[in-house]
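Below is my_file19.cif, which holds mmCIF, C-alpha atoms and all ligand atoms.
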```cif
data_structure
loop_
_atom_site.group_PDB
_atom_site.id
_atom_site.type_symbol
_atom_site.label_atom_id
_atom_site.label_comp_id
_atom_site.auth_asym_id
_atom_site.auth_seq_id
_atom_site.Cartn_x
_atom_site.Cartn_y
_atom_site.Cartn_z
ATOM 1 C CA MET V 965 141.950 132.644 86.835
ATOM 2 C CA LYS V 966 138.759 134.277 85.766
ATOM 3 C CA TYR V 967 137.352 130.899 84.687
ATOM 4 C CA LEU V 968 138.413 129.210 87.881
ATOM 5 C CA GLN V 969 136.640 131.908 89.859
ATOM 6 C CA LYS V 970 133.518 131.330 87.772
ATOM 7 C CA ILE V 971 133.609 127.585 88.419
ATOM 8 C CA VAL V 972 134.087 128.121 92.130
ATOM 9 C CA ASN V 973 131.188 130.553 92.158
ATOM 10 C CA LEU V 974 129.023 128.077 90.323
ATOM 11 C CA LEU V 975 129.894 125.283 92.755
ATOM 12 C CA LEU V 976 129.194 127.579 95.690
ATOM 13 C CA PHE V 977 125.896 128.519 94.136
ATOM 14 C CA ILE V 978 124.938 124.848 93.722
ATOM 15 C CA TYR V 979 126.018 124.079 97.263
ATOM 16 C CA ASN V 980 124.134 127.021 98.721
ATOM 17 C CA THR V 981 120.925 126.383 96.891
ATOM 18 C CA PHE V 982 120.712 122.610 96.730
ATOM 19 C CA MET V 983 123.308 120.722 98.710
ATOM 20 C CA LYS V 984 122.929 122.732 101.880
ATOM 21 C CA ASN V 985 119.202 122.109 101.930
ATOM 22 C CA LEU V 986 119.703 118.485 100.986
ATOM 23 C CA ILE V 987 122.174 117.968 103.815
ATOM 24 C CA ILE V 988 120.102 119.825 106.397
ATOM 25 C CA TRP V 989 116.692 118.536 105.477
ATOM 26 C CA VAL V 990 117.349 115.115 104.017
ATOM 27 C CA ILE V 991 120.720 113.580 104.759
ATOM 28 C CA ILE V 992 121.069 114.560 108.437
ATOM 29 C CA PRO V 993 117.495 113.497 109.349
ATOM 30 C CA LEU V 994 117.996 110.218 107.441
ATOM 31 C CA ILE V 995 121.111 109.475 109.442
ATOM 32 C CA ALA V 996 119.450 110.529 112.700
ATOM 33 C CA ILE V 997 116.445 108.245 112.305
ATOM 34 C CA GLN V 998 118.702 105.216 111.893
ATOM 35 C CA PHE V 999 119.180 105.379 115.665
ATOM 36 C CA ILE V 1000 115.479 104.924 116.318
ATOM 37 C CA LYS V 1001 115.187 101.175 116.519
ATOM 38 C CA VAL V 1002 111.901 99.375 116.257
ATOM 39 C CA ASP V 1003 112.378 96.029 117.828
ATOM 40 C CA VAL V 1004 110.496 93.343 115.986
ATOM 41 C CA LYS V 1005 112.559 90.183 116.017
ATOM 42 C CA GLN V 1006 113.260 88.355 112.805
ATOM 43 C CA THR V 1007 113.205 84.983 114.471
ATOM 44 C CA LEU V 1008 111.153 83.962 117.464
ATOM 45 C CA ILE V 1009 111.441 80.646 119.227
ATOM 46 C CA THR V 1010 109.010 78.166 117.767
ATOM 47 C CA ASN V 1011 107.447 75.446 119.797
ATOM 48 C CA GLU V 1012 107.341 72.532 117.359
ATOM 49 C CA LYS V 1013 103.965 71.366 118.553
ATOM 50 C CA ASP V 1014 102.392 74.806 117.960
ATOM 51 C CA LYS V 1015 103.403 74.871 114.309
ATOM 52 C CA LEU V 1016 100.688 74.533 111.734
ATOM 53 C CA LYS V 1017 100.590 71.036 110.281
ATOM 54 C CA ALA V 1018 99.194 70.841 106.791
ATOM 55 C CA SER V 1019 99.963 69.140 103.520
ATOM 56 C CA LYS V 1020 103.332 69.825 101.863
ATOM 57 C CA GLU V 1021 101.474 71.821 99.231
ATOM 58 C CA ILE V 1022 99.870 74.199 101.750
ATOM 59 C CA GLU V 1023 103.039 74.554 103.784
ATOM 60 C CA GLU V 1024 104.991 75.383 100.656
ATOM 61 C CA ILE V 1025 102.565 78.197 99.700
ATOM 62 C CA LEU V 1026 102.419 79.621 103.225
ATOM 63 C CA ASN V 1027 106.197 79.554 103.509
ATOM 64 C CA ARG V 1028 106.734 81.202 100.171
ATOM 65 C CA SER V 1029 103.994 83.833 100.301
ATOM 66 C CA CYS V 1030 102.933 84.434 103.884
ATOM 67 C CA ALA V 1031 105.805 83.544 106.221
ATOM 68 C CA ASP V 1032 107.547 86.921 105.969
ATOM 69 C CA CYS V 1033 104.713 88.452 108.032
ATOM 70 C CA HIS V 1034 102.785 85.582 109.569
ATOM 71 C CA SER V 1035 105.471 83.373 111.099
ATOM 72 C CA ASN V 1036 108.274 83.209 113.632
ATOM 73 C CA HIS V 1037 110.890 83.240 110.876
ATOM 74 C CA VAL V 1038 110.804 86.346 108.703
ATOM 75 C CA ASN V 1039 113.441 87.607 106.313
ATOM 76 C CA TYR V 1040 114.655 91.174 106.522
ATOM 77 C CA PRO V 1041 116.711 91.901 103.393
ATOM 78 C CA TRP V 1042 119.229 94.785 103.534
ATOM 79 C CA TYR V 1043 116.753 97.543 102.626
ATOM 80 C CA ASP V 1044 114.544 96.400 105.461
ATOM 81 C CA LYS V 1045 117.294 97.404 107.865
ATOM 82 C CA ILE V 1046 117.274 101.067 106.834
ATOM 83 C CA ALA V 1047 114.800 103.470 108.431
ATOM 84 C CA PRO V 1048 112.159 104.477 107.464
ATOM 85 C CA ALA V 1049 111.707 101.366 105.259
ATOM 86 C CA SER V 1050 112.531 99.165 108.253
ATOM 87 C CA TRP V 1051 109.725 100.746 110.301
ATOM 88 C CA TYR V 1052 107.241 100.037 107.563
ATOM 89 C CA VAL V 1053 108.334 96.414 107.238
ATOM 90 C CA LYS V 1054 108.475 95.769 110.980
ATOM 91 C CA TYR V 1055 105.080 97.322 111.524
ATOM 92 C CA HIS V 1056 103.647 94.846 109.029
ATOM 93 C CA VAL V 1057 105.440 91.921 110.635
ATOM 94 C CA LYS V 1058 104.140 92.958 114.066
ATOM 95 C CA LYS V 1059 100.571 93.407 112.799
ATOM 96 C CA GLY V 1060 100.718 90.308 110.651
ATOM 97 C CA ARG V 1061 101.904 88.147 113.546
ATOM 98 C CA GLU V 1062 99.145 89.550 115.740
ATOM 99 C CA VAL V 1063 96.463 88.569 113.258
ATOM 100 C CA VAL V 1064 97.818 85.110 112.538
ATOM 101 C CA ASN V 1065 101.156 83.473 113.169
ATOM 102 C CA PHE V 1066 101.209 80.091 111.462
ATOM 103 C CA ASP V 1067 104.045 78.983 113.738
ATOM 104 C CA LYS V 1068 101.695 79.394 116.713
ATOM 105 C CA TRP V 1069 98.650 77.928 115.025
ATOM 106 C CA ASN V 1070 98.068 75.023 117.403
ATOM 107 C CA SER V 1071 98.172 77.317 120.424
ATOM 108 C CA TYR V 1072 95.022 79.060 119.146
ATOM 109 C CA SER V 1073 91.551 78.089 120.288
ATOM 110 C CA SER V 1074 89.354 76.323 117.726
ATOM 111 C CA GLU V 1075 87.198 79.442 117.658
ATOM 112 C CA LYS V 1076 90.169 81.614 116.705
ATOM 113 C CA LYS V 1077 91.335 79.139 114.067
ATOM 114 C CA ARG V 1078 87.871 79.090 112.566
ATOM 115 C CA LYS V 1079 87.671 82.890 112.486
ATOM 116 C CA ILE V 1080 91.042 83.150 110.730
ATOM 117 C CA ALA V 1081 90.093 80.447 108.252
ATOM 118 C CA GLU V 1082 86.919 82.361 107.437
ATOM 119 C CA LYS V 1083 88.970 85.454 106.623
ATOM 120 C CA ILE V 1084 91.472 83.731 104.339
ATOM 121 C CA PRO V 1085 89.450 83.644 101.086
ATOM 122 C CA LYS V 1086 88.696 87.367 101.192
ATOM 123 C CA ALA V 1087 92.213 88.231 102.339
ATOM 124 C CA ILE V 1088 93.973 86.393 99.506
ATOM 125 C CA LYS V 1089 91.617 87.710 96.849
ATOM 126 C CA ILE V 1090 93.621 90.951 96.543
ATOM 127 C CA ARG V 1091 95.192 92.102 99.803
ATOM 128 C CA MET V 1092 97.461 89.214 100.761
ATOM 129 C CA PRO V 1093 100.372 89.107 100.348
ATOM 130 C CA LEU V 1094 100.355 92.899 100.753
ATOM 131 C CA PRO V 1095 100.753 94.616 97.358
ATOM 132 C CA THR V 1096 103.708 96.746 98.533
ATOM 133 C CA TYR V 1097 105.471 93.538 99.572
ATOM 134 C CA LEU V 1098 104.973 92.085 96.114
ATOM 135 C CA TRP V 1099 106.874 94.969 94.487
ATOM 136 C CA LEU V 1100 110.089 93.409 95.710
ATOM 137 C CA HIS V 1101 108.973 89.828 96.272
ATOM 138 C CA SER V 1102 107.234 88.951 93.045
ATOM 139 C CA ASN V 1103 107.788 85.222 93.634
ATOM 140 C CA ALA V 1104 105.385 85.485 96.591
ATOM 141 C CA LYS V 1105 102.462 86.352 94.329
ATOM 142 C CA LEU V 1106 99.733 83.731 94.598
ATOM 143 C CA SER V 1107 98.864 81.959 91.367
ATOM 144 C CA LYS V 1108 95.295 80.966 90.546
ATOM 145 C CA ASP V 1109 96.143 77.440 91.652
ATOM 146 C CA ASP V 1110 97.657 78.640 94.930
ATOM 147 C CA LYS V 1111 94.465 80.569 95.665
ATOM 148 C CA ARG V 1112 92.293 77.573 94.828
ATOM 149 C CA ILE V 1113 94.362 75.322 97.104
ATOM 150 C CA LEU V 1114 94.320 77.842 99.971
ATOM 151 C CA ASN V 1115 90.572 78.412 99.632
ATOM 152 C CA LYS V 1116 89.858 74.692 99.713
ATOM 153 C CA TRP V 1117 92.065 74.295 102.794
ATOM 154 C CA ALA V 1118 90.446 77.307 104.511
ATOM 155 C CA LYS V 1119 87.030 75.735 103.934
ATOM 156 C CA GLU V 1120 88.144 72.473 105.516
ATOM 157 C CA LEU V 1121 89.297 74.403 108.576
ATOM 158 C CA GLN V 1122 85.928 76.051 109.186
HETATM 159 C C1 LIG Q 1201 104.141 91.799 103.884
HETATM 160 C C2 LIG Q 1201 103.467 91.208 104.995
HETATM 161 C C3 LIG Q 1201 102.362 90.219 104.767
HETATM 162 C C4 LIG Q 1201 102.359 89.106 103.964
HETATM 163 C C5 LIG Q 1201 103.497 88.583 103.087
HETATM 164 C C6 LIG Q 1201 101.084 88.478 104.146
HETATM 165 N N1 LIG Q 1201 100.340 89.198 105.049
HETATM 166 FE FE1 LIG Q 1201 98.496 88.736 105.757
HETATM 167 N N2 LIG Q 1201 98.450 90.416 106.862
HETATM 168 C C7 LIG Q 1201 99.491 91.318 106.992
HETATM 169 C C8 LIG Q 1201 99.091 92.396 107.882
HETATM 170 C C9 LIG Q 1201 99.957 93.587 108.260
HETATM 171 C C10 LIG Q 1201 97.781 92.127 108.289
HETATM 172 C C11 LIG Q 1201 96.909 92.916 109.271
HETATM 173 C C12 LIG Q 1201 96.500 94.235 108.754
HETATM 174 C C13 LIG Q 1201 95.644 94.132 107.556
HETATM 175 O O1 LIG Q 1201 94.652 93.381 107.591
HETATM 176 O O2 LIG Q 1201 95.968 94.808 106.578
HETATM 177 C C14 LIG Q 1201 97.397 90.876 107.633
HETATM 178 C C15 LIG Q 1201 96.166 90.278 107.762
HETATM 179 C C16 LIG Q 1201 95.855 89.028 107.276
HETATM 180 C C17 LIG Q 1201 94.596 88.336 107.522
HETATM 181 C C18 LIG Q 1201 93.419 88.874 108.298
HETATM 182 C C19 LIG Q 1201 92.592 89.742 107.393
HETATM 183 C C20 LIG Q 1201 91.381 90.318 108.075
HETATM 184 O O3 LIG Q 1201 90.403 90.551 107.361
HETATM 185 O O4 LIG Q 1201 91.415 90.554 109.280
HETATM 186 C C21 LIG Q 1201 94.678 87.121 106.896
HETATM 187 C C22 LIG Q 1201 93.621 86.042 106.871
HETATM 188 C C23 LIG Q 1201 95.980 87.078 106.226
HETATM 189 N N3 LIG Q 1201 96.662 88.243 106.486
HETATM 190 C C24 LIG Q 1201 96.427 86.020 105.486
HETATM 191 C C25 LIG Q 1201 97.592 86.023 104.736
HETATM 192 C C26 LIG Q 1201 97.979 84.944 103.866
HETATM 193 C C27 LIG Q 1201 97.195 83.652 103.668
HETATM 194 C C28 LIG Q 1201 99.156 85.310 103.299
HETATM 195 C C29 LIG Q 1201 99.929 84.556 102.254
HETATM 196 C C30 LIG Q 1201 99.247 84.215 101.064
HETATM 197 C C31 LIG Q 1201 99.510 86.620 103.821
HETATM 198 N N4 LIG Q 1201 98.540 87.015 104.695
HETATM 199 C C32 LIG Q 1201 100.682 87.328 103.515
HETATM 200 C C33 LIG Q 1201 100.722 91.216 106.398
HETATM 201 C C34 LIG Q 1201 101.092 90.267 105.452
#
```

The structure given in the file should be rewritten as structure tokens.
Ligand code: HEC
Amino acid sequence: MKYLQKIVNLLLFIYNTFMKNLIIWVIIPLIAIQFIKVDVKQTLITNEKDKLKASKEIEEILNRSCADCHSNHVNYPWYDKIAPASWYVKYHVKKGREVVNFDKWNSYSSEKKRKIAEKIPKAIKIRMPLPTYLWLHSNAKLSKDDKRILNKWAKELQ
């Protein structure tokens, strides 16, 4: 009996010092924020004629490495559905689409296309795809060849 009492006391001690705080300060808020929805749609309707037309090679790179933020068809894996990770991801998709959406490319003015093309070489040097994205999407990393191909294409667009 004495031992049982000791174990119970120990469990109560652990609950009082750690679990209670964990539940109040971490678990409950984490559950609560799941109800705050940020609405950035995974798929938007694409007008076929607005889609960027480029060589297979370019389209393959853009689809693999850029489409998850700069297109009408992004992938949200399971962890992207849980707040606050989902907010972070959706914010990037929203921002990314604002800067350039390759599925809307032909709806842009030639001036806008030229401006985006000018920014591509610097963007892909280190920042694009975003480093935090690459942690979990290592296949999206641009190889030296990918960068060379994209740079050449960006030059042709200017
Ligand atoms: C994980 C999301 C994500 C991916 C993947 C991604 N981008 Fe971006 N991109 C963004 C966001 C967000 C911005 C706007 C904010 C910023 O510049 O950081 C942006 C901005 C840009 C800009 C404008 C930069 C400037 O100086 O204004 C270019 C150009 C660009 N991206 C090209 C690309 C290309 C090309 C790829 C693929 C190789 C790519 N991005 C992949 C999220 C992404």

Written as an mmCIF file with C-alpha atoms, in the frame of the given file, which residues does the PyMOL selection byres (((not hetatm)) within 8 of (chain Q and resi 1201)) give for the file shown?
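File out_5.cif, as written:
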```
data_model
loop_
_atom_site.group_PDB
_atom_site.id
_atom_site.type_symbol
_atom_site.label_atom_id
_atom_site.label_comp_id
_atom_site.auth_asym_id
_atom_site.auth_seq_id
_atom_site.Cartn_x
_atom_site.Cartn_y
_atom_site.Cartn_z
ATOM 1 C CA ILE V 1025 102.565 78.197 99.700
ATOM 2 C CA LEU V 1026 102.419 79.621 103.225
ATOM 3 C CA ARG V 1028 106.734 81.202 100.171
ATOM 4 C CA SER V 1029 103.994 83.833 100.301
ATOM 5 C CA CYS V 1030 102.933 84.434 103.884
ATOM 6 C CA ALA V 1031 105.805 83.544 106.221
ATOM 7 C CA ASP V 1032 107.547 86.921 105.969
ATOM 8 C CA CYS V 1033 104.713 88.452 108.032
ATOM 9 C CA HIS V 1034 102.785 85.582 109.569
ATOM 10 C CA VAL V 1053 108.334 96.414 107.238
ATOM 11 C CA TYR V 1055 105.080 97.322 111.524
ATOM 12 C CA HIS V 1056 103.647 94.846 109.029
ATOM 13 C CA VAL V 1057 105.440 91.921 110.635
ATOM 14 C CA LYS V 1058 104.140 92.958 114.066
ATOM 15 C CA LYS V 1059 100.571 93.407 112.799
ATOM 16 C CA GLY V 1060 100.718 90.308 110.651
ATOM 17 C CA ARG V 1061 101.904 88.147 113.546
ATOM 18 C CA GLU V 1062 99.145 89.550 115.740
ATOM 19 C CA VAL V 1063 96.463 88.569 113.258
ATOM 20 C CA VAL V 1064 97.818 85.110 112.538
ATOM 21 C CA ILE V 1080 91.042 83.150 110.730
ATOM 22 C CA ALA V 1081 90.093 80.447 108.252
ATOM 23 C CA GLU V 1082 86.919 82.361 107.437
ATOM 24 C CA LYS V 1083 88.970 85.454 106.623
ATOM 25 C CA ILE V 1084 91.472 83.731 104.339
ATOM 26 C CA PRO V 1085 89.450 83.644 101.086
ATOM 27 C CA LYS V 1086 88.696 87.367 101.192
ATOM 28 C CA ALA V 1087 92.213 88.231 102.339
ATOM 29 C CA ILE V 1088 93.973 86.393 99.506
ATOM 30 C CA ARG V 1091 95.192 92.102 99.803
ATOM 31 C CA MET V 1092 97.461 89.214 100.761
ATOM 32 C CA PRO V 1093 100.372 89.107 100.348
ATOM 33 C CA LEU V 1094 100.355 92.899 100.753
ATOM 34 C CA PRO V 1095 100.753 94.616 97.358
ATOM 35 C CA THR V 1096 103.708 96.746 98.533
ATOM 36 C CA TYR V 1097 105.471 93.538 99.572
ATOM 37 C CA LEU V 1098 104.973 92.085 96.114
ATOM 38 C CA ALA V 1104 105.385 85.485 96.591
ATOM 39 C CA LYS V 1105 102.462 86.352 94.329
ATOM 40 C CA LEU V 1106 99.733 83.731 94.598
ATOM 41 C CA LEU V 1114 94.320 77.842 99.971
#
```

>> Give me the residues near V:Leu1008 as a PyMOL selection string, where near means some atom within 10 Å (using all atoms listed in the file) and where sequence neighbours in that chain fewer than 5 positions away do not count.
In response: chain V and resi 1035-1038+1067

Output C-alpha atoms of each residue in that selection to a file, as a PDB file, in the coordinates of the input.
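Now in selection20.pdb:
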```pdb
ATOM      1  CA  SER V1035     105.471  83.373 111.099  1.00  0.00           C
ATOM      2  CA  ASN V1036     108.274  83.209 113.632  1.00  0.00           C
ATOM      3  CA  HIS V1037     110.890  83.240 110.876  1.00  0.00           C
ATOM      4  CA  VAL V1038     110.804  86.346 108.703  1.00  0.00           C
ATOM      5  CA  ASP V1067     104.045  78.983 113.738  1.00  0.00           C
TER       6      ASP V1067
END
```

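The closest residue to V:Lys1111, picked from V:Tyr1040, V:Glu1012, V:Leu986, V:Glu1021 and counting only C-alpha atoms, is V:Glu1021.
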
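Taking only C-alpha atoms into account, V:Ser1050 lies nearest to V:Gln998 out of the set V:Ser1019, V:Asn1115, V:Gln969, V:Gln998.
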
>> Let me make sure I understand: among V:Trp1042, V:Asn1027, V:Val972, V:Ile988, which one has the smallest atom-to-atom distance to V:Asn1103 if we use only C-alpha atoms?
In response: V:Asn1027
